[in-house]
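Asks: So I've got this file, final.txt, and it contains compact mmCIF, C-alpha atoms:
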```txt
# COMPACT_ATOMS: atom_id res chain seq x y z
CA MET A 13 0.00 0.00 0.00
CA SER A 14 1.38 3.41 -0.95
CA GLU A 15 1.76 6.24 1.51
CA ASN A 16 -1.36 8.23 0.75
CA PRO A 17 -3.51 6.36 -1.78
CA ALA A 18 -6.33 8.89 -1.61
CA ALA A 19 -4.01 11.77 -2.46
CA LEU A 20 -2.56 9.84 -5.39
CA ARG A 21 -6.01 8.84 -6.62
CA ALA A 22 -7.17 12.45 -6.38
CA GLU A 23 -4.11 13.59 -8.29
CA ALA A 24 -4.82 10.99 -10.97
CA LEU A 25 -8.42 12.15 -11.31
CA GLU A 26 -7.41 15.81 -11.34
CA SER A 27 -4.83 15.29 -14.09
CA LEU A 28 -7.25 13.27 -16.23
CA LEU A 29 -9.96 15.92 -15.90
CA ILE A 30 -7.48 18.68 -16.77
CA GLU A 31 -6.58 16.75 -19.93
CA ARG A 32 -10.27 16.45 -20.79
CA GLY A 33 -10.62 20.21 -20.42
CA LEU A 34 -13.04 19.90 -17.49
CA LEU A 35 -10.76 21.42 -14.84
CA THR A 36 -7.72 23.68 -14.50
CA THR A 37 -4.96 23.75 -11.90
CA GLU A 38 -5.68 27.44 -11.38
CA ALA A 39 -9.34 26.72 -10.56
CA VAL A 40 -8.30 24.19 -7.91
CA ASP A 41 -5.77 26.59 -6.40
CA GLU A 42 -8.35 29.39 -6.33
CA ILE A 43 -10.90 27.20 -4.54
CA ILE A 44 -8.36 26.14 -1.93
CA VAL A 45 -7.33 29.72 -1.17
CA ARG A 46 -10.95 30.91 -1.11
CA TYR A 47 -12.13 28.34 1.41
CA ASN A 48 -8.95 28.18 3.48
CA GLU A 49 -8.62 31.94 3.83
CA ARG A 50 -11.83 33.83 3.04
CA VAL A 51 -14.96 31.76 3.65
CA GLY A 52 -15.49 30.98 7.30
CA PRO A 53 -17.76 31.39 10.27
CA MET A 54 -17.37 35.19 10.38
CA ASN A 55 -20.65 35.64 8.52
CA GLY A 56 -22.52 33.70 11.18
CA ALA A 57 -20.69 35.53 13.97
CA ASN A 58 -21.78 38.88 12.51
CA LEU A 59 -25.41 37.73 12.45
CA VAL A 60 -25.14 36.69 16.09
CA ALA A 61 -23.58 39.98 17.18
CA ARG A 62 -26.24 41.99 15.34
CA ALA A 63 -29.00 39.86 16.87
CA TRP A 64 -27.65 40.57 20.36
CA THR A 65 -27.54 44.30 19.81
CA ASP A 66 -30.65 44.87 17.67
CA PRO A 67 -33.93 43.28 18.85
CA GLU A 68 -35.69 43.95 15.54
CA PHE A 69 -32.90 42.27 13.61
CA LYS A 70 -33.01 39.34 16.02
CA ALA A 71 -36.75 38.93 15.51
CA ARG A 72 -36.28 38.89 11.73
CA LEU A 73 -33.36 36.47 11.98
CA LEU A 74 -35.40 34.04 14.06
CA SER A 75 -38.49 34.27 11.85
CA ASP A 76 -36.86 34.34 8.38
CA ALA A 77 -33.07 33.89 8.37
CA THR A 78 -33.16 32.92 4.68
CA ALA A 79 -34.30 36.41 3.67
CA VAL A 80 -31.68 38.04 5.89
CA VAL A 81 -28.86 35.94 4.44
CA ASN A 82 -29.99 36.39 0.84
CA GLU A 83 -30.10 40.17 1.29
CA LEU A 84 -26.57 40.18 2.69
CA GLY A 85 -25.34 38.00 -0.23
CA PHE A 86 -22.68 35.99 1.60
CA GLU A 87 -19.95 34.31 -0.44
CA GLY A 88 -19.37 30.59 -0.08
CA GLY A 89 -22.50 28.76 -1.07
CA GLN A 90 -26.10 29.65 -1.27
CA VAL A 91 -28.58 28.49 1.26
CA ASP A 92 -31.97 27.15 0.20
CA LYS A 93 -33.48 27.73 3.60
CA LEU A 94 -31.73 28.78 6.78
CA VAL A 95 -33.30 28.45 10.21
CA VAL A 96 -31.63 30.10 13.20
CA VAL A 97 -32.48 28.47 16.52
CA GLU A 98 -32.02 30.39 19.76
CA ASN A 99 -30.37 29.12 22.92
CA THR A 100 -32.32 30.26 25.97
CA ALA A 101 -32.48 29.59 29.68
CA GLU A 102 -34.77 26.65 28.88
CA VAL A 103 -33.28 25.13 25.69
CA HIS A 104 -29.81 24.33 24.37
CA ASN A 105 -29.67 23.62 20.61
CA VAL A 106 -27.08 21.55 18.74
CA VAL A 107 -26.90 20.76 14.99
CA VAL A 108 -25.88 17.60 13.11
CA CYS A 109 -26.47 15.77 9.84
CA THR A 110 -26.60 12.05 10.57
CA LEU A 111 -27.06 10.93 6.93
CA CYS A 112 -24.23 12.92 5.32
CA SER A 113 -22.72 16.19 6.51
CA CYS A 114 -25.16 18.99 5.65
CA TYR A 115 -23.96 22.28 7.12
CA PRO A 116 -24.84 25.96 6.63
CA TRP A 117 -21.86 26.87 4.42
CA ALA A 118 -23.10 30.39 3.71
CA VAL A 119 -22.88 31.41 7.36
CA LEU A 120 -20.30 29.02 8.86
CA GLY A 121 -18.03 28.11 5.92
CA LEU A 122 -17.08 24.47 5.37
CA PRO A 123 -17.64 22.11 8.31
CA PRO A 124 -14.84 20.97 10.63
CA LYS A 125 -13.61 17.42 10.15
CA TRP A 126 -15.18 16.11 13.36
CA TYR A 127 -18.63 17.28 12.20
CA LYS A 128 -18.34 14.90 9.22
CA ASP A 129 -16.91 11.95 11.13
CA PRO A 130 -18.99 8.90 12.17
CA ALA A 131 -18.44 9.50 15.92
CA TYR A 132 -20.19 12.87 16.00
CA ARG A 133 -22.92 11.92 13.50
CA SER A 134 -23.82 8.69 15.31
CA ARG A 135 -23.56 9.88 18.90
CA VAL A 136 -24.97 13.39 19.13
CA VAL A 137 -28.57 12.34 18.44
CA ARG A 138 -28.38 9.49 20.94
CA GLU A 139 -26.30 10.94 23.77
CA PRO A 140 -26.08 14.69 23.17
CA ARG A 141 -25.16 15.51 26.74
CA ALA A 142 -22.17 13.14 26.68
CA VAL A 143 -21.00 14.62 23.37
CA LEU A 144 -21.44 18.17 24.66
CA ALA A 145 -19.45 17.25 27.77
CA GLU A 146 -16.57 16.16 25.52
CA PHE A 147 -16.58 19.69 24.14
CA GLY A 148 -16.53 21.02 27.71
CA THR A 149 -20.21 21.95 27.68
CA GLU A 150 -22.22 20.92 30.72
CA VAL A 151 -25.94 21.49 30.17
CA PRO A 152 -27.86 21.65 33.47
CA ALA A 153 -30.49 18.92 33.91
CA GLU A 154 -33.31 21.48 34.01
CA LYS A 155 -32.36 22.77 30.54
CA ALA A 156 -33.63 20.70 27.58
CA VAL A 157 -31.26 19.70 24.78
CA ARG A 158 -32.77 20.00 21.31
CA VAL A 159 -30.77 18.23 18.57
CA TRP A 160 -31.42 19.34 14.97
CA ASP A 161 -30.75 16.62 12.37
CA SER A 162 -30.43 18.42 9.00
CA SER A 163 -31.92 15.66 6.88
CA ALA A 164 -33.34 17.80 4.02
CA GLU A 165 -32.31 21.12 2.42
CA VAL A 166 -33.08 23.26 5.47
CA ARG A 167 -29.87 24.34 7.22
CA TYR A 168 -29.60 25.20 10.91
CA MET A 169 -27.44 27.62 12.87
CA VAL A 170 -27.52 28.21 16.61
CA LEU A 171 -27.88 31.69 18.09
CA PRO A 172 -25.84 31.33 21.29
CA GLU A 173 -26.63 33.21 24.48
CA MET A 174 -24.49 36.26 25.11
CA PRO A 175 -22.40 35.77 28.26
CA ARG A 176 -23.69 37.94 31.12
CA ASP A 177 -20.32 39.54 31.67
CA TRP A 178 -19.91 40.73 28.07
CA ALA A 179 -20.58 44.41 27.47
CA LEU A 180 -22.84 45.44 24.58
CA GLU A 181 -20.06 46.89 22.43
CA ASP A 182 -19.96 47.44 18.69
CA THR A 183 -20.94 44.41 16.66
CA ASP A 184 -17.44 43.84 15.20
CA THR A 185 -15.96 43.42 18.67
CA LEU A 186 -18.81 41.17 19.76
CA ALA A 187 -18.60 39.08 16.57
CA GLY A 188 -14.90 38.49 17.23
CA GLY A 189 -15.85 36.57 20.35
CA VAL A 190 -18.43 34.28 18.71
CA SER A 191 -16.91 30.89 17.93
CA ARG A 192 -17.87 28.52 15.15
CA ASP A 193 -18.52 25.74 17.65
CA SER A 194 -21.02 27.89 19.59
CA MET A 195 -23.04 28.32 16.38
CA ILE A 196 -23.03 24.55 15.77
CA GLY A 197 -24.12 24.30 19.38
CA VAL A 198 -21.40 22.06 20.79
CA THR A 199 -20.09 24.86 23.00
CA VAL A 200 -21.46 27.90 24.82
CA LEU A 201 -19.71 31.26 25.15
CA MET B 13 -30.99 2.33 1.34
CA ASP B 14 -29.98 0.84 4.68
CA GLY B 15 -26.34 1.73 4.17
CA ILE B 16 -23.46 2.47 6.50
CA HIS B 17 -24.07 6.20 5.93
CA ASP B 18 -27.21 6.04 8.10
CA LEU B 19 -25.23 6.61 11.28
CA GLY B 20 -27.71 8.28 13.65
CA GLY B 21 -27.77 6.40 16.97
CA LYS B 22 -25.21 3.73 15.99
CA GLU B 23 -23.02 2.83 18.94
CA GLY B 24 -19.36 2.05 19.34
CA PHE B 25 -17.61 4.93 17.57
CA GLY B 26 -15.90 6.33 20.65
CA ALA B 27 -14.58 9.81 21.35
CA ILE B 28 -14.84 12.64 18.86
CA ALA B 29 -11.45 13.46 17.36
CA ARG B 30 -11.05 17.20 17.14
CA GLU B 31 -8.61 18.45 14.53
CA SER B 32 -5.73 20.76 15.23
CA ASP B 33 -5.65 22.34 11.76
CA PRO B 34 -8.65 24.66 11.37
CA ARG B 35 -8.33 24.97 7.56
CA PRO B 36 -10.92 23.05 5.52
CA PHE B 37 -8.20 21.79 3.15
CA PRO B 38 -5.05 21.00 5.17
CA THR B 39 -3.60 19.21 2.11
CA ARG B 40 -4.02 19.95 -1.56
CA TRP B 41 -5.79 16.74 -2.56
CA GLU B 42 -8.80 17.51 -0.39
CA GLY B 43 -9.25 20.86 -2.11
CA ALA B 44 -8.77 19.16 -5.48
CA VAL B 45 -11.57 16.71 -4.72
CA PHE B 46 -13.85 19.55 -3.60
CA SER B 47 -13.10 21.34 -6.89
CA ILE B 48 -13.69 18.20 -8.93
CA ILE B 49 -17.13 17.69 -7.39
CA ARG B 50 -18.10 21.29 -8.22
CA THR B 51 -16.83 20.79 -11.76
CA LEU B 52 -18.95 17.68 -12.24
CA TYR B 53 -22.15 19.67 -11.74
CA GLY B 54 -21.15 22.12 -14.48
CA ALA B 55 -20.06 19.30 -16.79
CA GLY B 56 -23.41 17.52 -16.60
CA VAL B 57 -21.89 14.46 -14.89
CA THR B 58 -23.64 15.16 -11.60
CA HIS B 59 -27.21 16.29 -12.16
CA ASN B 60 -28.36 17.00 -8.65
CA THR B 61 -27.24 16.78 -5.03
CA ASP B 62 -29.49 13.80 -4.34
CA GLN B 63 -27.75 11.80 -7.07
CA PHE B 64 -24.38 12.86 -5.63
CA ARG B 65 -25.37 11.86 -2.09
CA HIS B 66 -26.55 8.49 -3.34
CA ALA B 67 -23.22 7.94 -5.13
CA ILE B 68 -21.57 8.35 -1.71
CA GLU B 69 -24.05 5.95 -0.12
CA ARG B 70 -23.14 3.29 -2.69
CA ILE B 71 -19.51 3.23 -1.54
CA ASP B 72 -18.65 -0.03 0.16
CA PRO B 73 -19.04 0.23 3.95
CA ILE B 74 -15.41 -0.36 4.89
CA SER B 75 -14.17 2.35 2.56
CA TYR B 76 -16.97 4.63 3.73
CA LEU B 77 -15.68 4.50 7.29
CA GLN B 78 -11.98 4.33 6.48
CA ASP B 79 -11.42 6.95 3.84
CA GLY B 80 -12.87 10.04 5.46
CA TYR B 81 -15.06 12.75 4.03
CA TYR B 82 -13.01 13.73 0.99
CA GLY B 83 -12.17 10.09 0.36
CA ARG B 84 -15.92 9.52 0.09
CA TRP B 85 -16.30 12.50 -2.23
CA LEU B 86 -13.46 11.12 -4.34
CA GLY B 87 -15.18 7.74 -4.52
CA ALA B 88 -18.45 9.37 -5.54
CA ALA B 89 -16.69 11.47 -8.19
CA GLU B 90 -15.16 8.35 -9.65
CA THR B 91 -18.47 6.48 -9.66
CA LEU B 92 -20.25 9.34 -11.40
CA LEU B 93 -17.49 9.91 -13.96
CA VAL B 94 -17.35 6.23 -14.84
CA GLU B 95 -21.14 5.87 -15.03
CA ALA B 96 -21.34 8.99 -17.22
CA GLY B 97 -18.77 7.46 -19.56
CA VAL B 98 -16.30 10.33 -19.15
CA LEU B 99 -13.52 8.16 -17.71
CA GLU B 100 -12.84 4.46 -17.33
CA GLN B 101 -11.98 2.88 -14.01
CA ALA B 102 -8.88 1.27 -15.51
CA GLU B 103 -7.42 4.53 -16.78
CA ILE B 104 -7.86 6.19 -13.36
CA THR B 105 -6.05 3.28 -11.71
CA ALA B 106 -3.34 3.33 -14.37
CA ARG B 107 -2.79 7.05 -13.84
CA ALA B 108 -2.66 6.62 -10.05
CA VAL B 109 -0.11 3.83 -10.44
CA SER B 110 2.00 6.03 -12.71
CA LEU B 111 1.99 8.62 -9.91
CA GLY B 112 3.24 6.09 -7.36
CA ALA B 113 0.14 4.27 -6.13
CA ALA B 114 0.25 0.51 -5.67
CA PRO B 115 -1.99 -1.35 -8.16
CA GLY B 116 -3.81 -3.10 -5.30
CA ASP B 117 -4.46 -0.03 -3.19
CA ARG B 118 -7.91 0.00 -1.72
CA ILE B 119 -8.24 3.55 -2.82
CA ALA B 120 -10.37 6.36 -1.68
CA ALA B 121 -13.70 4.63 -1.33
CA ARG B 122 -13.34 2.73 -4.56
CA PRO B 123 -16.78 2.40 -6.11
CA GLN B 124 -18.22 -1.06 -6.21
CA ALA B 125 -19.62 -2.68 -9.30
CA GLN B 126 -23.10 -1.72 -8.21
CA PRO B 127 -24.78 0.33 -10.90
CA ASP B 128 -27.62 2.61 -10.03
CA VAL B 129 -30.37 0.27 -11.18
CA PHE B 130 -33.02 2.97 -11.13
CA ALA B 131 -31.08 5.43 -13.26
CA GLY B 132 -33.24 7.46 -15.60
CA ASP B 133 -33.25 11.01 -16.91
CA TYR B 134 -31.94 13.66 -14.60
CA PRO B 135 -33.34 17.16 -14.91
CA SER B 136 -31.21 19.81 -13.23
CA THR B 137 -32.57 20.90 -9.86
CA GLY B 138 -31.57 24.50 -10.53
CA THR B 139 -30.61 27.03 -7.92
CA THR B 140 -33.10 25.92 -5.29
CA ALA B 141 -34.86 22.68 -4.41
CA ALA B 142 -37.93 24.52 -3.07
CA ARG B 143 -41.05 24.06 -5.20
CA ARG B 144 -44.66 25.25 -5.29
CA VAL B 145 -47.36 22.61 -5.22
CA ASP B 146 -51.14 22.83 -5.44
CA ASN B 147 -51.97 20.20 -2.86
CA ALA B 148 -52.31 21.42 0.71
CA PRO B 149 -50.11 19.91 3.42
CA ILE B 150 -51.74 16.91 5.11
CA PHE B 151 -50.26 17.70 8.51
CA GLY B 152 -50.26 20.81 10.65
CA VAL B 153 -48.00 22.04 13.42
CA GLY B 154 -48.78 20.14 16.63
CA ASP B 155 -50.15 17.05 14.86
CA ARG B 156 -49.05 13.69 16.22
CA VAL B 157 -47.44 11.60 13.49
CA HIS B 158 -45.59 8.32 13.01
CA ALA B 159 -42.53 7.92 10.81
CA ALA B 160 -42.90 5.03 8.36
CA ALA B 161 -41.71 1.74 9.85
CA THR B 162 -39.62 0.71 6.86
CA GLY B 163 -37.35 2.31 4.29
CA HIS B 164 -36.81 1.25 0.68
CA ASN B 165 -34.03 0.48 -1.79
CA GLY B 166 -32.23 3.44 -3.25
CA HIS B 167 -31.88 6.94 -1.87
CA THR B 168 -34.01 8.15 1.03
CA ARG B 169 -33.71 10.78 3.74
CA LEU B 170 -35.65 8.80 6.33
CA PRO B 171 -33.02 7.60 8.80
CA ALA B 172 -33.45 4.25 10.53
CA TYR B 173 -33.43 5.71 14.02
CA VAL B 174 -36.83 7.44 13.63
CA ARG B 175 -38.63 4.72 11.68
CA GLY B 176 -41.82 3.56 13.33
CA LYS B 177 -41.47 6.21 16.06
CA ALA B 178 -44.12 8.71 17.11
CA GLY B 179 -43.40 12.43 17.11
CA THR B 180 -45.00 15.85 16.81
CA VAL B 181 -44.99 18.19 13.82
CA PHE B 182 -42.89 21.20 14.85
CA ALA B 183 -42.81 23.19 11.58
CA HIS B 184 -43.92 23.05 7.93
CA HIS B 185 -41.40 24.21 5.31
CA GLY B 186 -43.49 24.17 2.13
CA ALA B 187 -42.78 21.71 -0.69
CA TRP B 188 -39.36 20.54 -1.87
CA VAL B 189 -37.90 18.28 -4.52
CA TYR B 190 -38.28 14.70 -3.27
CA PRO B 191 -34.81 13.15 -2.92
CA ASP B 192 -36.14 9.58 -3.12
CA THR B 193 -37.18 10.03 -6.76
CA ASN B 194 -34.86 12.84 -7.84
CA ALA B 195 -31.69 10.91 -6.96
CA HIS B 196 -32.67 8.27 -9.52
CA GLY B 197 -33.85 10.47 -12.34
CA ARG B 198 -37.46 9.60 -11.60
CA GLY B 199 -38.63 13.18 -11.41
CA GLU B 200 -38.79 15.87 -8.79
CA ALA B 201 -42.19 14.79 -7.37
CA PRO B 202 -42.18 17.71 -4.86
CA GLN B 203 -43.44 16.86 -1.38
CA HIS B 204 -44.31 18.86 1.69
CA LEU B 205 -41.50 18.95 4.24
CA TYR B 206 -41.92 19.07 8.00
CA THR B 207 -39.71 19.34 11.04
CA VAL B 208 -40.84 16.56 13.35
CA GLN B 209 -39.86 16.53 17.00
CA PHE B 210 -39.21 13.22 18.73
CA GLU B 211 -38.74 12.82 22.45
CA ALA B 212 -35.35 11.33 23.24
CA ALA B 213 -36.96 8.67 25.46
CA VAL B 214 -39.13 7.53 22.50
CA LEU B 215 -36.05 7.09 20.33
CA TRP B 216 -33.55 5.72 22.83
CA GLY B 217 -35.48 4.37 25.79
CA GLU B 218 -35.86 5.36 29.38
CA GLY B 219 -32.19 6.22 29.91
CA ALA B 220 -32.58 9.39 27.84
CA ALA B 221 -32.81 12.69 29.69
CA SER B 222 -36.40 13.78 30.14
CA GLY B 223 -37.19 16.88 28.11
CA ASP B 224 -34.45 16.25 25.52
CA VAL B 225 -35.68 16.02 21.93
CA VAL B 226 -34.46 15.42 18.39
CA CYS B 227 -35.90 17.58 15.60
CA ILE B 228 -35.54 16.17 12.09
CA ASP B 229 -36.84 17.23 8.67
CA LEU B 230 -39.08 14.58 7.09
CA PHE B 231 -40.97 14.53 3.79
CA GLU B 232 -44.72 13.94 3.81
CA PRO B 233 -44.55 10.40 2.31
CA TYR B 234 -42.43 9.34 5.29
CA LEU B 235 -45.23 10.22 7.72
CA GLU B 236 -48.53 8.75 8.84
CA ASN B 237 -51.20 10.17 11.10
CA THR B 238 -51.16 8.76 14.58
CA SER B 239 -54.67 7.83 15.62
CA SER B 240 -55.22 8.37 19.31
```
Output the structure of this file as structure tokens.

Replies:
Amino acid sequence: MSENPAALRAEALESLLIERGLLTTEAVDEIIVRYNERVGPMNGANLVARAWTDPEFKARLLSDATAVVNELGFEGGQVDKLVVVENTAEVHNVVVCTLCSCYPWAVLGLPPKWYKDPAYRSRVVREPRAVLAEFGTEVPAEKAVRVWDSSAEVRYMVLPEMPRDWALEDTDTLAGGVSRDSMIGVTVL
Amino acid sequence: MDGIHDLGGKEGFGAIARESDPRPFPTRWEGAVFSIIRTLYGAGVTHNTDQFRHAIERIDPISYLQDGYYGRWLGAAETLLVEAGVLEQAEITARAVSLGAAPGDRIAARPQAQPDVFAGDYPSTGTTAARRVDNAPIFGVGDRVHAAATGHNGHTRLPAYVRGKAGTVFAHHGAWVYPDTNAHGRGEAPQHLYTVQFEAAVLWGEGAASGDVVCIDLFEPYLENTSS
């Protein structure tokens, strides 16, 4: 067995498709730079920060996130329908796709590797509290855990609770503190 | 299809391995595979996302678990390219060998000789899978429903872990292209889509925390009214 068969197989496929005129090296390089450096969870973090500071925006985001995102025209993949679910004193939300790896690219970028791995996909629907604990998130017994399995074209993003000790500053500063994992719902802030 | 991809609730996978490199493409080949998949849509090799997802589901189970996410995408790309007649399996292997691969490598979720027996014509889904339909939704928010007890061959988005279970309609999302037909070129057959909420104890037994729930999006044909 060679050192990295998948990499060699991918290189073989890439070179054959370039010869067929279906792909260029430049297109591949551009995609890698775009997703490694430009498309990420900052779009989602900005939505969260605006929701915390603007009650009208928050109400719109929770009732029709698709319209909000389409108006803002985020780069990185369109979203057919986006639903933003709010963490509250009563409910903690967490998102998964058990059948493949559906993820709200437009607001969070491409998913982390663990989100696509069998361990997360199999376990989080069955034992969400144990999975959350692995991420350092202890959900009190009196708070319900609501797991969202993205099994169709609707995509889900969590609106985390703003920590009590954070000051309501400008949205850029607030957004800088909103992590990707808190918008998947595996952590809190 | 009751494939290995239907992972919800399966036990034994252990701790979640969190990566140290935050970039989506730590190595070039993963980005190349991502680019190839995007190219296949434009080239008419992949007609819709449902067909693509089903190509991943047809990967043999050992490769599915072993080769990782972009290994699975690579396997699906190969399946679709070979089935579309753009490339031959043998020439891909020959090229990989010329680059240093061993001829016997179990490579990147190698597609099995398992043609898509339902394959028909594939209209493009277009920019959205949402559709308008004339028929009214059968179910309303708050209705008690059962998920169908069995699945079927081919592509479906009804996972095993909710089959036969009772839940409550949480939301209605309008009508959408039906993956079960669209994946096989059997038409879009749009269906109403609902978020259905299942109590954790109903899915997993009495050990589940009371109050915890799973919300999942299910198409109307997957659901039956619960008489009570």

Asks: Using only C-alpha atoms, what does the table of range 80-196 of chain A residues within 10 Å of range 205-213 of chain B look like, with each row giving the shortest atom pair and its distance in Å to one decimal, sorted by chain and ascending number, as a Markdown table?

Replies:
```
| residue | atom | partner | partner_atom | distance |
| --- | --- | --- | --- | --- |
| A:Val137 | CA | B:Ala212 | CA | 8.4 |
| A:Arg138 | CA | B:Ala212 | CA | 7.6 |
| A:Glu139 | CA | B:Ala212 | CA | 9.1 |
| A:Pro140 | CA | B:Ala212 | CA | 9.9 |
| A:Val157 | CA | B:Ala212 | CA | 9.4 |
| A:Arg158 | CA | B:Gln209 | CA | 9.0 |
| A:Val159 | CA | B:Gln209 | CA | 9.4 |
| A:Trp160 | CA | B:Gln209 | CA | 9.1 |
| A:Asp161 | CA | B:Thr207 | CA | 9.5 |
| A:Ser162 | CA | B:Thr207 | CA | 9.5 |
| A:Ser163 | CA | B:Thr207 | CA | 9.6 |
| A:Ala164 | CA | B:Leu205 | CA | 8.2 |
| A:Glu165 | CA | B:Leu205 | CA | 9.6 |
| A:Val166 | CA | B:Thr207 | CA | 9.5 |
```

Asks: Give me the residues within 9 Å of Met54 in chain A as a PyMOL selection string, counting only C-alpha atoms and dropping any in the same chain fewer than 2 places off.

Replies: chain A and resi 51-52+56-59+119-121+187-188+190-192

Asks: Given the selection you just returned, output its residues as a file containing C-alpha atoms, formatted as a PDB file, keeping the file's coordinate frame.

Replies:
```
ATOM      1  CA  VAL A  51     -14.960  31.760   3.650  1.00  0.00           C
ATOM      2  CA  GLY A  52     -15.490  30.980   7.300  1.00  0.00           C
ATOM      3  CA  GLY A  56     -22.520  33.700  11.180  1.00  0.00           C
ATOM      4  CA  ALA A  57     -20.690  35.530  13.970  1.00  0.00           C
ATOM      5  CA  ASN A  58     -21.780  38.880  12.510  1.00  0.00           C
ATOM      6  CA  LEU A  59     -25.410  37.730  12.450  1.00  0.00           C
ATOM      7  CA  VAL A 119     -22.880  31.410   7.360  1.00  0.00           C
ATOM      8  CA  LEU A 120     -20.300  29.020   8.860  1.00  0.00           C
ATOM      9  CA  GLY A 121     -18.030  28.110   5.920  1.00  0.00           C
ATOM     10  CA  ALA A 187     -18.600  39.080  16.570  1.00  0.00           C
ATOM     11  CA  GLY A 188     -14.900  38.490  17.230  1.00  0.00           C
ATOM     12  CA  VAL A 190     -18.430  34.280  18.710  1.00  0.00           C
ATOM     13  CA  SER A 191     -16.910  30.890  17.930  1.00  0.00           C
ATOM     14  CA  ARG A 192     -17.870  28.520  15.150  1.00  0.00           C
TER      15      ARG A 192
END
```

Asks: Using only C-alpha atoms, which chain A residues lie at most 7 Å away from chain B, written as a PyMOL selection string?

Replies: chain A and resi 13-14+17-26+34-35+40+43-44+47-48+92+110-112+122+124-126+128+130-135+137-138+156-164

Asks: Around (-35.5, 37.1, 13.4) in the file's frame, which residues reach within 12 Å when counting all atoms listed in the file? Return as JSON, numbers by chain?

Replies: {"A": [59, 60, 62, 63, 64, 66, 67, 68, 69, 70, 71, 72, 73, 74, 75, 76, 77, 78, 79, 80, 81, 94, 95, 96, 97, 98, 171]}

Asks: Rounded to one decimal place, report the CA of Pro172 in chain A-CA of Gly148 in chain A distance in Å.

Replies: 15.3 Å

Asks: Just the number, please: distance in Å from CA of Val200 in chain A to CA of Thr149 in chain A, one decimal.

Replies: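 Those two atoms sit 6.7 Å apart.
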
Asks: Find the distance between CA of Pro149 in chain B and CA of Pro233 in chain B and write it in Å to one decimal.

Replies: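 Atom-to-atom, CA of Pro149 in chain B and CA of Pro233 in chain B are spaced 11.1 Å apart.
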
Asks: Counting all atoms listed in the file, which of A:Lys93, A:Ile30, A:Asn82, A:Glu102 gets nearest to Pro152 in chain A?

Replies: A:Glu102
